[in-house]
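K.L.:
Below you will find the structure I want to go over with you.
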Amino acid sequence: MASRGYRVGMTDSESAPGAAQLNAFETTSNPILADIGKPLVVVSGVEKFYGEFHALKNINLTVTKGEVVVVIGPSGSGKSTLCRTINRLETISAGEILIDGKKLPEEGKALATLRADVGMVFQSFNLFAHKSILENVALGPVKVRKRQRADAEMAARMLLDRVGVGEQADKMPAQLSGGQQQRVAIARALAMKPKVMLFDEPTSALDPEMINEVLDVMVELAAEGMTMIVVTHEMGFARRAADRVVFMAEGEIIEEAEPEAFFTNPQSDRAKDFLSKLLTN
Amino acid sequence: MDTLLNNFDLFTEGFKNTLILFSFSAIIALVLGGVVGAFRVSPVTSMRAVGTFYVNTIRNTPLTLIMFFCAFGYPKLQLPEISYMNLAIIALSVYTATYVAETLRSGINTVPLGQAEAARAIGLPFGQTMTLIILPQAFRAVIPPMMSVFIALLKNTTVAAGFSVMEAGAVKNYLSERGEPAIVGLLWVALVFILLVGVLAFLQRKLENMWKVAR
Ligand SMILES: Nc1ncnc2c1ncn2[C@@H]1O[C@H](COP(=O)(O)OP(=O)(O)O)[C@@H](O)[C@H]1O
Ligand SMILES: [Mg+2]
């Protein structure tokens, strides 16, 4: 975990003003030191077919508690599909996925409960358009975790403060900028106190000037010890926050490495090719 | 005007029953239609099949036939007795629910799929994803066509007249029995229906305004 200490040190010195108050995200995964390094997400031998199309090919990936894994790769390589299978928005054709030692159940109540342990942030925010910002965040804790509404709303306000949109709590989603909406979406996922957070290209739909406000929140979250799987092409984020980069192409994991090693010295031709295109863009 | 005043008892009795038929049928059709609409978009194949079967059979059957079955078929089944009024409400609800379901389904399609996924991702089961996230937005998107469904329901209550329910459409028959000019009676009945539809249209505008701000 040497890279981890290094990373936290970096974010502290680099963090934007106001970021310090982000210090204690209230998540259950605040790691007890002994837990760090325990496998939290185990994907083994996963295959996914859409009809004839082979979207995931023998995927094996273990993410340990507190680890931040960045998934990178060309469009159509199966990154979203991988995320979606991990919280079972998509079924798998073969293989097995364990979350904190438990196998993902079939459809039904048990699955719904387990899904709540896996937070997900989407490219397109997906806030509930007919509910206020506060309701968006408090809904899950009230309906799924059965918390008292007043408690849930208080916790929701604190989370919204922490991602820097506390002022917007009583507005409707359409009244917020993209960057603000995405930070609300992060707060909504965190409100469930998930064990792991999945981010599927969380900044791809944002105007450039809003990307950093979202990435800063994510970097802080990583520094807090949240286990994260992040699909992103933001190399800056990968360098600042990731323990490991996983490169995918055509439904396969082609290579895995620490961020510096991957970006400066990719092993496979496909990764080299991909990175050269990413850099010239 | 005399026709109206001299037979005020008939008119009030008739329209009271029209309103009872309409309100109960509307509420039941809304709930049943919501359930059937949810079935139609369910991830479970068998539920979808049930929803499709229900909509296709009932919607393709003339209301008169459904009413006929309820009024004359049901009593023959040796089941607990149900009043004609309640049978008429059942027939109207079952029939109107198919239109509610189809209207809702078009509304459901306007709600971005991502919101359903986000709801599932925070652990809401299918039922709550529907009732808390999808259906409320679907309803808002389809207020005008939904109002047409309910205006049709209001007018369809007159079909119950043929089956011994004394509602507004039946008033004119009783009037002719009392020797009143049929045309005048009809005009009065039509006028009151237009007024009732006006109330629905007013309700529609209210709802649209209320929910426009909330968006
Ligand atoms: N629901 C679906 N049905 C059929 N094919 C799909 C579906 N979802 C994704 N795919 C295909 O699977 C491949 C991987 O998609 P995706 O995981 O979204 O890629 P990425 O996120 O890496 O861009 C793509 O070729 C895409 O066309
Ligand atoms: Mg994708």
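So you can find residues: chains in the structure tokens are A, B, ... in the order shown, residues in each start at 1, and ligands are numbered from 1 in order.
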Taking only C-alpha atoms and all ligand atoms into account, report as a ChimeraX atom specification which residues have an atom no farther than 10 Å from an atom of ligand 1.

P.N.:
/A:48-56,71-85,90,200-201,231-232,248-251

K.L.:
Give me, as an MDAnalysis selection string, the contact residues of chain A against chain B at a cut-off of 8 Å, counting only C-alpha atoms.

P.N.:
chainID A and resid 87 89 108:109 111:116 118:120 122 124 126:130 140 143:144 172 174 189 192

K.L.:
With C-alpha atoms retained, export the selected residues as a compact mmCIF listing (two decimals), in the first residue's frame.

P.N.:
```
# COMPACT_ATOMS: atom_id res chain seq x y z
CA ASN A 87 -24.14 -4.41 -9.78
CA LEU A 89 -27.96 -4.18 -14.02
CA GLY A 108 -35.66 -10.07 -6.49
CA LYS A 109 -35.49 -8.46 -3.07
CA LEU A 111 -30.60 -8.58 -5.28
CA ALA A 112 -32.08 -5.15 -4.64
CA THR A 113 -30.52 -5.13 -1.18
CA LEU A 114 -27.13 -6.20 -2.43
CA ARG A 115 -27.26 -3.59 -5.17
CA ALA A 116 -27.63 -0.92 -2.53
CA VAL A 118 -22.72 -1.01 -4.74
CA GLY A 119 -23.02 2.69 -5.54
CA MET A 120 -23.17 3.67 -9.18
CA PHE A 122 -23.56 7.26 -14.53
CA SER A 124 -25.67 11.00 -17.78
CA ASN A 126 -29.73 10.17 -14.12
CA LEU A 127 -31.14 12.26 -11.30
CA PHE A 128 -34.85 11.70 -10.67
CA ALA A 129 -36.28 14.64 -12.60
CA HIS A 130 -39.50 15.03 -10.60
CA GLY A 140 -32.76 5.48 -1.07
CA LYS A 143 -37.14 3.49 1.06
CA VAL A 144 -34.36 0.91 0.95
CA MET A 172 -35.01 20.54 -8.99
CA ALA A 174 -32.99 20.62 -14.19
CA ALA A 189 -24.91 6.94 -4.21
CA MET A 192 -26.60 4.37 0.73
```

K.L.:
Can you pull out the residues contacting Val246 in chain A? Cut-off 10 Å, using only C-alpha atoms, and skip same-chain residues under 3 positions away; I want them as a count of residues only.

P.N.:
18

K.L.:
Can you list, as a PyMOL selection string, every residue of range 8-139 of chain B that DSSP puts in alpha helix (DSSP H)?

P.N.:
chain B and resi 8-40+45-59+63-68+74-76+84-108+113-121+126-128+135-139

K.L.:
Measuring atom to atom with only C-alpha atoms and all ligand atoms, identify which of A:Gln123, A:Ser268, A:Pro141, A:Val214 is nearest to ligand 2.

P.N.:
A:Gln123

K.L.:
Mind giving me the straight-line distance from CA of Gly198 in chain B to CA of Ile151 in chain B in Å, one decimal?

P.N.:
9.6 Å

K.L.:
One number please: CA of Leu87 in chain B to CA of Phe193 in chain B, in Å, one decimal.

P.N.:
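Taking CA of Leu87 in chain B and CA of Phe193 in chain B, their separation equals 22.4 Å.
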
K.L.:
Looking at only C-alpha atoms and all ligand atoms, which of A:Arg157, A:His233, A:Lys57, A:Lys193 is the one that sits closest to ligand 2?

P.N.:
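Looking at the shortest contact to ligand 2, the residue is A:His233.
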
K.L.:
Distance CA of Met228 in chain A-CA of Phe199 in chain A, one decimal place?

P.N.:
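Between these atoms lies a distance of 7.6 Å.
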
K.L.:
Could you please write out, as a ChimeraX atom specification, every residue of range 5-241 of chain A that DSSP assigns to strand (DSSP E or B)?

P.N.:
/A:39-50,53-64,68-72,94-99,102-103,118-121,196-200,227-231

K.L.:
For Met154 in chain A, find every residue with an atom within 12 Å (counting only C-alpha atoms), except residues of its own chain fewer than 4 positions away, and show them as a list of chain:residue names.

P.N.:
A:Leu134, A:Glu135, A:Val137, A:Ala138, A:Pro141, A:Val142, A:Arg147, A:Gln148, A:Arg149, A:Ala150, A:Met158, A:Leu159, A:Leu160, A:Asp161, A:Gly166, A:Ala169, A:Ala191
